[in-house]
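Engineer: Just final17.cif, nothing more (mmCIF, C-alpha atoms):
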data_coords
loop_
_atom_site.group_PDB
_atom_site.id
_atom_site.type_symbol
_atom_site.label_atom_id
_atom_site.label_comp_id
_atom_site.auth_asym_id
_atom_site.auth_seq_id
_atom_site.Cartn_x
_atom_site.Cartn_y
_atom_site.Cartn_z
ATOM 1 C CA MET A 1 -14.027 0.355 -27.986
ATOM 2 C CA ILE A 2 -12.926 3.908 -28.819
ATOM 3 C CA GLY A 3 -9.187 4.458 -28.331
ATOM 4 C CA ALA A 4 -6.739 1.556 -28.580
ATOM 5 C CA GLY A 5 -3.979 2.577 -26.190
ATOM 6 C CA VAL A 6 -2.881 0.677 -23.075
ATOM 7 C CA ILE A 7 -6.308 0.850 -21.395
ATOM 8 C CA GLY A 8 -8.291 0.519 -24.616
ATOM 9 C CA ARG A 9 -6.556 -2.647 -25.778
ATOM 10 C CA SER A 10 -7.083 -4.216 -22.353
ATOM 11 C CA TRP A 11 -10.821 -3.442 -22.518
ATOM 12 C CA MET A 12 -10.806 -4.893 -26.039
ATOM 13 C CA TYR A 13 -9.346 -8.156 -24.742
ATOM 14 C CA LEU A 14 -11.821 -8.264 -21.860
ATOM 15 C CA PHE A 15 -14.882 -7.718 -24.064
ATOM 16 C CA ALA A 16 -13.810 -10.283 -26.661
ATOM 17 C CA ARG A 17 -12.814 -12.832 -24.017
ATOM 18 C CA ALA A 18 -16.334 -12.526 -22.590
ATOM 19 C CA GLY A 19 -17.775 -13.393 -26.013
ATOM 20 C CA CYS A 20 -18.739 -9.902 -27.165
ATOM 21 C CA GLN A 21 -18.485 -8.924 -30.809
ATOM 22 C CA THR A 22 -16.109 -5.986 -30.365
ATOM 23 C CA ASN A 23 -15.557 -3.052 -32.696
ATOM 24 C CA VAL A 24 -12.377 -1.024 -32.155
ATOM 25 C CA TYR A 25 -11.640 2.436 -33.494
ATOM 26 C CA ASP A 26 -8.648 4.699 -32.986
ATOM 27 C CA ALA A 27 -7.999 7.866 -34.970
ATOM 28 C CA ASP A 28 -4.406 6.661 -35.338
ATOM 29 C CA PRO A 29 -4.397 3.469 -37.467
ATOM 30 C CA LYS A 30 -0.948 2.547 -36.127
ATOM 31 C CA GLN A 31 -2.368 2.418 -32.614
ATOM 32 C CA SER A 32 -5.032 -0.035 -33.774
ATOM 33 C CA GLU A 33 -2.387 -2.190 -35.435
ATOM 34 C CA LYS A 34 -0.323 -2.220 -32.235
ATOM 35 C CA ALA A 35 -3.404 -3.188 -30.224
ATOM 36 C CA ILE A 36 -4.320 -6.190 -32.385
ATOM 37 C CA ALA A 37 -0.659 -7.332 -32.461
ATOM 38 C CA TRP A 38 -0.614 -7.093 -28.659
ATOM 39 C CA LEU A 39 -3.803 -9.152 -28.445
ATOM 40 C CA HIS A 40 -2.349 -11.938 -30.599
ATOM 41 C CA ASP A 41 0.840 -11.950 -28.482
ATOM 42 C CA GLU A 42 -1.182 -12.176 -25.263
ATOM 43 C CA LEU A 43 -3.324 -15.013 -26.598
ATOM 44 C CA LYS A 44 -0.233 -16.908 -27.752
ATOM 45 C CA LEU A 45 1.431 -16.546 -24.348
ATOM 46 C CA GLU A 46 -1.739 -17.633 -22.529
ATOM 47 C CA SER A 47 -2.111 -20.631 -24.817
ATOM 48 C CA GLU A 48 1.483 -21.707 -24.171
ATOM 49 C CA ALA A 49 0.974 -21.320 -20.426
ATOM 50 C CA HIS A 50 -2.078 -23.608 -20.308
ATOM 51 C CA ASN A 51 -2.194 -27.363 -20.542
ATOM 52 C CA ALA A 52 -3.831 -28.918 -23.578
ATOM 53 C CA GLY A 53 -7.566 -29.097 -23.020
ATOM 54 C CA ASP A 54 -7.482 -26.061 -20.760
ATOM 55 C CA ARG A 55 -6.471 -23.446 -23.303
ATOM 56 C CA PRO A 56 -8.095 -20.016 -23.478
ATOM 57 C CA SER A 57 -10.335 -19.515 -26.495
ATOM 58 C CA ASP A 58 -8.968 -17.514 -29.393
ATOM 59 C CA CYS A 59 -11.141 -14.449 -28.999
ATOM 60 C CA ALA A 60 -9.304 -12.404 -31.632
ATOM 61 C CA SER A 61 -11.919 -13.453 -34.183
ATOM 62 C CA LEU A 62 -14.484 -11.399 -32.226
ATOM 63 C CA VAL A 63 -12.468 -8.178 -32.648
ATOM 64 C CA THR A 64 -12.954 -5.963 -35.716
ATOM 65 C CA MET A 65 -10.737 -2.957 -36.332
ATOM 66 C CA GLN A 66 -12.946 -0.279 -37.884
ATOM 67 C CA LYS A 67 -11.704 2.537 -40.114
ATOM 68 C CA SER A 68 -14.294 5.098 -39.071
ATOM 69 C CA LEU A 69 -16.136 6.058 -35.925
ATOM 70 C CA GLU A 70 -19.476 5.589 -37.659
ATOM 71 C CA GLN A 71 -18.610 1.995 -38.610
ATOM 72 C CA ALA A 72 -17.410 1.269 -35.093
ATOM 73 C CA LEU A 73 -20.665 2.526 -33.559
ATOM 74 C CA PHE A 74 -23.038 0.723 -35.922
ATOM 75 C CA ASP A 75 -25.472 -1.582 -34.087
ATOM 76 C CA VAL A 76 -23.615 -1.602 -30.737
ATOM 77 C CA ARG A 77 -25.150 -1.573 -27.247
ATOM 78 C CA TYR A 78 -22.219 -0.323 -25.190
ATOM 79 C CA VAL A 79 -19.327 2.057 -25.950
ATOM 80 C CA GLN A 80 -16.157 2.360 -23.868
ATOM 81 C CA GLU A 81 -14.142 5.504 -24.644
ATOM 82 C CA SER A 82 -10.469 5.440 -23.627
ATOM 83 C CA GLY A 83 -9.005 8.527 -25.263
ATOM 84 C CA PRO A 84 -6.660 11.251 -23.963
ATOM 85 C CA GLU A 85 -7.267 12.509 -20.420
ATOM 86 C CA GLN A 86 -8.159 16.057 -21.500
ATOM 87 C CA LEU A 87 -11.579 17.574 -20.832
ATOM 88 C CA GLU A 88 -11.867 19.344 -24.197
ATOM 89 C CA ARG A 89 -10.933 16.173 -26.090
ATOM 90 C CA LYS A 90 -13.420 14.127 -24.060
ATOM 91 C CA GLN A 91 -16.179 16.665 -24.680
ATOM 92 C CA GLU A 92 -15.484 16.644 -28.399
ATOM 93 C CA MET A 93 -15.434 12.845 -28.521
ATOM 94 C CA PHE A 94 -18.701 12.520 -26.594
ATOM 95 C CA ARG A 95 -20.393 15.007 -28.928
ATOM 96 C CA GLU A 96 -19.388 12.742 -31.818
ATOM 97 C CA LEU A 97 -20.472 9.607 -29.944
ATOM 98 C CA ASP A 98 -23.816 11.163 -29.047
ATOM 99 C CA ARG A 99 -24.455 12.122 -32.674
ATOM 100 C CA SER A 100 -23.484 8.758 -34.146
ATOM 101 C CA ALA A 101 -24.489 6.064 -31.646
ATOM 102 C CA ALA A 102 -28.003 4.657 -31.389
ATOM 103 C CA PRO A 103 -30.148 6.545 -28.822
ATOM 104 C CA ASP A 104 -30.191 3.691 -26.292
ATOM 105 C CA THR A 105 -26.460 2.875 -26.484
ATOM 106 C CA VAL A 106 -24.609 3.444 -23.203
ATOM 107 C CA LEU A 107 -21.627 5.788 -23.608
ATOM 108 C CA ALA A 108 -18.968 5.120 -20.971
ATOM 109 C CA SER A 109 -15.611 6.795 -20.385
ATOM 110 C CA SER A 110 -12.455 5.312 -18.874
ATOM 111 C CA THR A 111 -11.465 8.735 -17.513
ATOM 112 C CA SER A 112 -9.542 8.533 -14.245
ATOM 113 C CA THR A 113 -10.117 12.106 -13.027
ATOM 114 C CA LEU A 114 -12.872 13.907 -14.954
ATOM 115 C CA ASP A 115 -16.522 14.388 -13.988
ATOM 116 C CA MET A 116 -19.094 13.045 -16.435
ATOM 117 C CA SER A 117 -21.260 16.085 -15.690
ATOM 118 C CA SER A 118 -18.505 18.204 -17.279
ATOM 119 C CA ILE A 119 -17.817 15.810 -20.158
ATOM 120 C CA ALA A 120 -21.500 15.550 -21.122
ATOM 121 C CA THR A 121 -22.354 19.241 -20.691
ATOM 122 C CA GLY A 122 -24.968 20.261 -23.230
ATOM 123 C CA LEU A 123 -25.345 16.794 -24.765
ATOM 124 C CA LYS A 124 -28.800 15.764 -25.882
ATOM 125 C CA GLY A 125 -27.987 12.211 -24.786
ATOM 126 C CA ALA A 126 -26.351 13.060 -21.459
ATOM 127 C CA ARG A 127 -28.781 10.637 -19.810
ATOM 128 C CA ARG A 128 -26.860 7.634 -21.252
ATOM 129 C CA CYS A 129 -23.333 8.875 -20.394
ATOM 130 C CA ILE A 130 -21.369 7.456 -17.448
ATOM 131 C CA VAL A 131 -17.815 7.131 -16.137
ATOM 132 C CA ALA A 132 -16.580 3.529 -16.029
ATOM 133 C CA HIS A 133 -13.044 3.937 -14.686
ATOM 134 C CA PRO A 134 -11.097 0.662 -14.666
ATOM 135 C CA VAL A 135 -8.016 -0.440 -12.786
ATOM 136 C CA ASN A 136 -5.096 -0.949 -15.157
ATOM 137 C CA PRO A 137 -5.256 -3.472 -16.787
ATOM 138 C CA PRO A 138 -9.020 -4.173 -16.734
ATOM 139 C CA HIS A 139 -8.679 -7.611 -18.358
ATOM 140 C CA VAL A 140 -6.746 -8.686 -15.241
ATOM 141 C CA VAL A 141 -8.061 -6.469 -12.393
ATOM 142 C CA PRO A 142 -11.870 -6.520 -12.053
ATOM 143 C CA VAL A 143 -12.871 -3.332 -10.173
ATOM 144 C CA VAL A 144 -14.493 -0.569 -12.241
ATOM 145 C CA GLU A 145 -15.520 2.715 -10.606
ATOM 146 C CA LEU A 146 -18.897 3.916 -11.899
ATOM 147 C CA LEU A 147 -19.791 7.597 -11.646
ATOM 148 C CA PRO A 148 -23.000 8.929 -13.187
ATOM 149 C CA GLY A 149 -23.239 12.550 -14.310
ATOM 150 C CA LYS A 150 -25.943 14.848 -13.013
ATOM 151 C CA GLU A 151 -28.154 13.912 -15.960
ATOM 152 C CA THR A 152 -27.293 10.214 -16.199
ATOM 153 C CA SER A 153 -30.430 8.099 -15.930
ATOM 154 C CA PRO A 154 -30.802 5.306 -13.368
ATOM 155 C CA ASP A 155 -31.452 2.961 -16.292
ATOM 156 C CA ALA A 156 -28.039 3.740 -17.823
ATOM 157 C CA VAL A 157 -26.407 3.059 -14.457
ATOM 158 C CA ARG A 158 -28.261 -0.241 -14.144
ATOM 159 C CA GLN A 159 -27.385 -1.310 -17.693
ATOM 160 C CA THR A 160 -23.703 -0.540 -17.102
ATOM 161 C CA GLN A 161 -23.637 -2.403 -13.796
ATOM 162 C CA GLU A 162 -25.332 -5.447 -15.304
ATOM 163 C CA PHE A 163 -23.148 -5.514 -18.415
ATOM 164 C CA LEU A 164 -19.848 -5.155 -16.573
ATOM 165 C CA THR A 165 -20.882 -7.775 -14.011
ATOM 166 C CA SER A 166 -21.839 -10.156 -16.827
ATOM 167 C CA ILE A 167 -18.306 -9.991 -18.274
ATOM 168 C CA GLY A 168 -16.625 -10.670 -14.936
ATOM 169 C CA GLN A 169 -15.922 -7.149 -13.677
ATOM 170 C CA LYS A 170 -16.824 -5.760 -10.250
ATOM 171 C CA PRO A 171 -18.487 -2.362 -10.678
ATOM 172 C CA VAL A 172 -18.356 -0.027 -7.667
ATOM 173 C CA LEU A 173 -20.876 2.826 -7.691
ATOM 174 C CA LEU A 174 -19.579 6.185 -6.399
ATOM 175 C CA LEU A 175 -22.078 8.504 -4.717
ATOM 176 C CA ARG A 176 -20.621 11.805 -5.940
ATOM 177 C CA TYR A 177 -17.713 13.228 -7.896
ATOM 178 C CA VAL A 178 -14.340 13.906 -6.300
ATOM 179 C CA HIS A 179 -11.154 14.539 -8.250
ATOM 180 C CA GLY A 180 -9.404 11.221 -8.938
ATOM 181 C CA PHE A 181 -12.360 9.151 -7.671
ATOM 182 C CA VAL A 182 -11.651 6.636 -4.869
ATOM 183 C CA LEU A 183 -8.928 4.445 -6.356
ATOM 184 C CA ASN A 184 -6.525 7.164 -7.432
ATOM 185 C CA ARG A 185 -7.000 9.202 -4.267
ATOM 186 C CA LEU A 186 -6.066 6.196 -2.136
ATOM 187 C CA GLN A 187 -3.222 5.259 -4.476
ATOM 188 C CA VAL A 188 -1.763 8.771 -4.661
ATOM 189 C CA ALA A 189 -1.978 9.236 -0.885
ATOM 190 C CA LEU A 190 0.322 6.225 -0.478
ATOM 191 C CA ILE A 191 2.612 7.324 -3.327
ATOM 192 C CA ARG A 192 2.980 10.777 -1.773
ATOM 193 C CA GLU A 193 4.053 9.383 1.576
ATOM 194 C CA ALA A 194 6.314 6.745 -0.017
ATOM 195 C CA ILE A 195 8.209 9.415 -1.989
ATOM 196 C CA ASP A 196 8.506 11.641 1.071
ATOM 197 C CA LEU A 197 9.936 8.786 3.168
ATOM 198 C CA VAL A 198 12.640 8.208 0.536
ATOM 199 C CA ILE A 199 13.420 11.916 0.083
ATOM 200 C CA GLN A 200 13.671 12.428 3.849
ATOM 201 C CA GLY A 201 16.127 9.535 4.129
ATOM 202 C CA VAL A 202 13.884 7.362 6.295
ATOM 203 C CA ALA A 203 14.170 4.340 3.986
ATOM 204 C CA ASP A 204 15.236 3.531 0.439
ATOM 205 C CA VAL A 205 12.971 2.587 -2.452
ATOM 206 C CA ASP A 206 13.387 -1.141 -1.955
ATOM 207 C CA ALA A 207 12.572 -0.933 1.764
ATOM 208 C CA VAL A 208 9.404 1.104 1.165
ATOM 209 C CA ASP A 209 8.249 -1.303 -1.536
ATOM 210 C CA ALA A 210 9.046 -4.292 0.700
ATOM 211 C CA VAL A 211 6.857 -2.914 3.493
ATOM 212 C CA VAL A 212 3.924 -2.736 1.064
ATOM 213 C CA ARG A 213 4.764 -5.805 -1.056
ATOM 214 C CA ASP A 214 5.505 -8.188 1.812
ATOM 215 C CA GLY A 215 3.490 -6.512 4.542
ATOM 216 C CA LEU A 216 0.546 -4.207 3.982
ATOM 217 C CA GLY A 217 -0.173 -5.487 0.498
ATOM 218 C CA LEU A 218 -0.730 -9.050 1.696
ATOM 219 C CA ARG A 219 -3.540 -7.876 3.963
ATOM 220 C CA TRP A 220 -4.903 -5.435 1.406
ATOM 221 C CA ALA A 221 -5.212 -8.235 -1.131
ATOM 222 C CA LEU A 222 -7.901 -9.657 1.167
ATOM 223 C CA MET A 223 -9.466 -6.616 2.837
ATOM 224 C CA GLY A 224 -9.539 -2.842 2.489
ATOM 225 C CA PRO A 225 -8.559 -0.324 5.196
ATOM 226 C CA PHE A 226 -11.784 -0.695 7.160
ATOM 227 C CA GLY A 227 -11.723 -4.479 6.967
ATOM 228 C CA VAL A 228 -8.087 -4.569 8.073
ATOM 229 C CA GLY A 229 -8.843 -2.134 10.895
ATOM 230 C CA ASN A 230 -11.603 -4.458 12.021
ATOM 231 C CA THR A 231 -9.032 -7.238 12.463
ATOM 232 C CA ASN A 232 -6.476 -5.087 14.304
ATOM 233 C CA ALA A 233 -8.205 -5.286 17.687
ATOM 234 C CA ASP A 234 -10.219 -7.964 19.449
ATOM 235 C CA GLY A 235 -13.212 -5.623 19.591
ATOM 236 C CA GLY A 236 -13.148 -4.871 15.871
ATOM 237 C CA LEU A 237 -13.024 -1.501 14.126
ATOM 238 C CA ARG A 238 -14.640 0.466 16.964
ATOM 239 C CA ASP A 239 -12.122 -0.928 19.443
ATOM 240 C CA TYR A 240 -9.190 -0.273 17.079
ATOM 241 C CA PHE A 241 -10.139 3.303 16.227
ATOM 242 C CA SER A 242 -11.011 4.133 19.844
ATOM 243 C CA ARG A 243 -7.950 2.489 21.408
ATOM 244 C CA TYR A 244 -5.484 4.029 18.943
ATOM 245 C CA ARG A 245 -7.349 7.272 18.299
ATOM 246 C CA GLY A 246 -4.534 9.503 19.592
ATOM 247 C CA ALA A 247 -1.770 7.604 17.805
ATOM 248 C CA LEU A 248 -3.674 7.562 14.516
ATOM 249 C CA ILE A 249 -4.439 11.290 14.672
ATOM 250 C CA GLY A 250 -0.794 11.995 15.481
ATOM 251 C CA LEU A 251 0.386 9.990 12.480
ATOM 252 C CA MET A 252 -2.176 11.603 10.166
ATOM 253 C CA ASN A 253 -1.047 15.070 11.261
ATOM 254 C CA ASP A 254 2.604 14.118 10.744
ATOM 255 C CA LEU A 255 2.293 12.804 7.195
ATOM 256 C CA GLY A 256 4.737 14.340 4.739
ATOM 257 C CA PRO A 257 3.875 17.245 2.421
ATOM 258 C CA THR A 258 3.372 16.882 -1.311
ATOM 259 C CA PRO A 259 6.816 16.259 -2.874
ATOM 260 C CA SER A 260 8.132 18.854 -5.308
ATOM 261 C CA PHE A 261 8.625 16.171 -7.994
ATOM 262 C CA GLU A 262 11.729 17.846 -9.415
ATOM 263 C CA SER A 263 13.358 16.087 -12.360
ATOM 264 C CA ASP A 264 16.403 15.061 -10.335
ATOM 265 C CA GLN A 265 14.176 13.471 -7.685
ATOM 266 C CA ILE A 266 12.232 11.542 -10.327
ATOM 267 C CA GLU A 267 15.501 10.346 -11.873
ATOM 268 C CA ARG A 268 16.794 9.271 -8.455
ATOM 269 C CA LEU A 269 13.636 7.291 -7.766
ATOM 270 C CA GLY A 270 13.762 5.804 -11.273
ATOM 271 C CA ARG A 271 17.350 4.583 -10.862
ATOM 272 C CA ALA A 272 16.541 3.052 -7.491
ATOM 273 C CA THR A 273 13.480 1.309 -8.928
ATOM 274 C CA ASP A 274 15.509 -0.046 -11.874
ATOM 275 C CA GLU A 275 18.040 -1.454 -9.430
ATOM 276 C CA MET A 276 15.329 -3.005 -7.265
ATOM 277 C CA LEU A 277 13.823 -4.763 -10.298
ATOM 278 C CA GLY A 278 17.188 -6.070 -11.450
ATOM 279 C CA GLY A 279 16.837 -4.811 -15.004
ATOM 280 C CA MET A 280 13.759 -6.920 -15.805
ATOM 281 C CA PRO A 281 12.317 -5.768 -19.161
ATOM 282 C CA GLN A 282 9.027 -3.883 -18.836
ATOM 283 C CA THR A 283 7.072 -6.372 -20.955
ATOM 284 C CA GLU A 284 8.288 -9.257 -18.809
ATOM 285 C CA LEU A 285 7.436 -7.368 -15.620
ATOM 286 C CA LEU A 286 3.885 -6.645 -16.819
ATOM 287 C CA ARG A 287 3.281 -10.258 -17.799
ATOM 288 C CA TRP A 288 4.594 -11.480 -14.438
ATOM 289 C CA ARG A 289 2.269 -8.992 -12.700
ATOM 290 C CA ASP A 290 -0.714 -10.152 -14.726
ATOM 291 C CA ARG A 291 0.018 -13.845 -14.099
ATOM 292 C CA MET A 292 0.344 -13.322 -10.352
ATOM 293 C CA ILE A 293 -2.854 -11.264 -10.103
ATOM 294 C CA GLN A 294 -4.741 -13.961 -12.014
ATOM 295 C CA LYS A 295 -3.389 -16.641 -9.650
ATOM 296 C CA LEU A 296 -4.325 -14.541 -6.640
ATOM 297 C CA ARG A 297 -7.845 -14.079 -7.977
ATOM 298 C CA LEU A 298 -8.214 -17.849 -8.328
ATOM 299 C CA VAL A 299 -7.134 -18.336 -4.714
ATOM 300 C CA LYS A 300 -9.568 -15.671 -3.509
ATOM 301 C CA ASP A 301 -12.411 -17.112 -5.590
ATOM 302 C CA ALA A 302 -11.806 -20.523 -4.003
ATOM 303 C CA ASP A 303 -12.027 -19.034 -0.495
ATOM 304 C CA PRO A 304 -14.031 -15.824 -0.892
ATOM 305 C CA GLY A 305 -14.381 -14.712 2.728
ATOM 306 C CA PRO A 306 -17.223 -12.681 4.259
ATOM 307 C CA ALA A 307 -17.301 -9.841 1.711
ATOM 308 C CA ARG A 308 -17.917 -12.155 -1.270
ATOM 309 C CA LYS A 309 -20.413 -14.258 0.687
ATOM 310 C CA LYS A 310 -22.349 -11.075 1.440
ATOM 311 C CA GLN A 311 -22.367 -10.116 -2.256
ATOM 312 C CA THR A 312 -23.496 -13.580 -3.292
ATOM 313 C CA HIS A 313 -26.297 -13.550 -0.707
ATOM 314 C CA ALA A 314 -27.415 -10.076 -1.804
ATOM 315 C CA SER A 315 -27.584 -11.082 -5.457
#
What would you get if you wrote out this structure as structure tokens?
Structural biologist:
Amino acid sequence: MIGAGVIGRSWMYLFARAGCQTNVYDADPKQSEKAIAWLHDELKLESEAHNAGDRPSDCASLVTMQKSLEQALFDVRYVQESGPEQLERKQEMFRELDRSAAPDTVLASSTSTLDMSSIATGLKGARRCIVAHPVNPPHVVPVVELLPGKETSPDAVRQTQEFLTSIGQKPVLLLRYVHGFVLNRLQVALIREAIDLVIQGVADVDAVDAVVRDGLGLRWALMGPFGVGNTNADGGLRDYFSRYRGALIGLMNDLGPTPSFESDQIERLGRATDEMLGGMPQTELLRWRDRMIQKLRLVKDADPGPARKKQTHAS
């Protein structure tokens, strides 16, 4: 695990929880210290939340904070880089990883916007480099977007898919690069319209969040946009898209423009969000979010629906 920030420490927890001996390196020793302190806090909270006999294992013993990149890369099979989201920094890091890691070690990046073809340009080991973009936080949310570079080998893709699946994640293979991949493009499209609705005075922050939280989000927790569309008409998706073709096109054409994101607008949205959340501390909010997602995953696992049954049958 290279980089021990918010995403890196979550990967660290996920790998160790799955039973992997996990080396962690960050160029800033203080960041590594914060990450291991966070891990111990999370394990303590999880232990307190479980009944005796059903406690999570103490996986901290599987985590080793390394003082050098070379030590961190010694005798490892998989590397997850979670450094700054800057192309030059990623390129520099992957040059170091390619020089120091064993030839067959998969080198994956948590980048949320960059193309692996650009990151691995000119690398001798470009064949083993791949994007593995998680949803924050990966130890709670299982989807990981996989994007090979132009030179990434099918074997590296297969190894990454198999490894991530073995530790409980759900890798999704993208067919080509697009800025922001799938998750962030969908997420930002909704954010853009949500901000515009507030700025235009259509609804306040709490109302917009309520529509998603207590409306759309409940369906989206079970199905994506195509699955939901399939349930919106008796004849399924074809019936829905055909019957409401004109209305859907009209709405798409009427969507708001990209907001200017001026500082005063950001402050206004921030104050409204603070009020909506009632002053709940950020750490408490994140832990509540993680607990609820974990509970939701248990419910979905108990009643997986057609999508999971299809995956199980295919495997």
Engineer: For a quick check of your reading of the model, name the residues lying within 12 Å of the coordinate (-13.0, -4.7, 11.1), counting all atoms listed in the file, and write them as a PyMOL selection string.
Structural biologist: chain A and resi 223-241+306-307
Engineer: Suppose you want the space between atom CA of A:Thr160 and atom CA of A:Leu146; what is it in Å?
Structural biologist: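 Atom-to-atom, atom CA of A:Thr160 to atom CA of A:Leu146, that is 8.4 Å.
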Engineer: What is the atom CA of A:Leu14-atom CA of A:Val63 distance in Å, reported with one decimal?
Structural biologist: 10.8 Å
Engineer: Calculated over all atoms listed in the file, which of the candidates A:Thr111, A:Ala35, A:Val212, A:His139 has the smallest distance to A:His179?
Structural biologist: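 Result for the nearest residue to A:His179: A:Thr111.
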Engineer: Restricting the calculation to all atoms listed in the file, which member of A:Ser68, A:Leu43, A:Ile7, A:Asp303 is positioned closest to A:Val24?
Structural biologist: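 Using all atoms listed in the file, A:Val24 sits closest to A:Ser68.
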Engineer: Quick one: contact table of stretch 85-201 of chain A to stretch 270-292 of chain A, 12 Å max, nearest atom pair and distance in Å to one decimal per residue, counting all atoms listed in the file, chain and number order, as CSV?
Structural biologist:
residue,atom,partner,partner_atom,distance
A:Asn136,CA,A:Asp290,CA,10.2
A:Pro137,CA,A:Asp290,CA,8.3
A:Pro138,CA,A:Asp290,CA,10.4
A:His139,CA,A:Asp290,CA,9.1
A:Val140,CA,A:Asp290,CA,6.2
A:Val141,CA,A:Asp290,CA,8.5
A:Ile195,CA,A:Gly270,CA,11.4
A:Val198,CA,A:Ala272,CA,10.3
Engineer: At what distance in Å, to one decimal, does atom CA of A:Val182 lie from atom CA of A:Val205?
Structural biologist: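 A separation of 25.1 Å between them.
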Engineer: Evaluated on this file, the PyMOL selection byres ((chain A and resi 156) around 12) picks out some residues - which ones are they, written as an MDAnalysis selection string?
Structural biologist: chainID A and resid 77:78 103:108 125:132 146:149 151:155 157:163
Engineer: With a distance cut-off of 8 Å and only C-alpha atoms, select the neighbouring residues of A:Ser32, excluding the residue or stretch itself and same-chain residues fewer than 6 positions from it, and output the selection as a list of chain:residue names.
Structural biologist: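 Near neighbours after the sequence-gap exclusion: A:Ala4, A:Val24, A:Tyr25, A:Asp26, A:Met65.
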Engineer: Output as JSON the centre and edge lengths (Å, one decimal) of the box along x, y and z of the file that holds every listed atom of stretch 149-167 of chain A after adding 5 Å on each side.
Structural biologist:
{"center_x": -24.9, "center_y": 2.3, "center_z": -15.7, "size_x": 23.1, "size_y": 35.0, "size_z": 15.4}
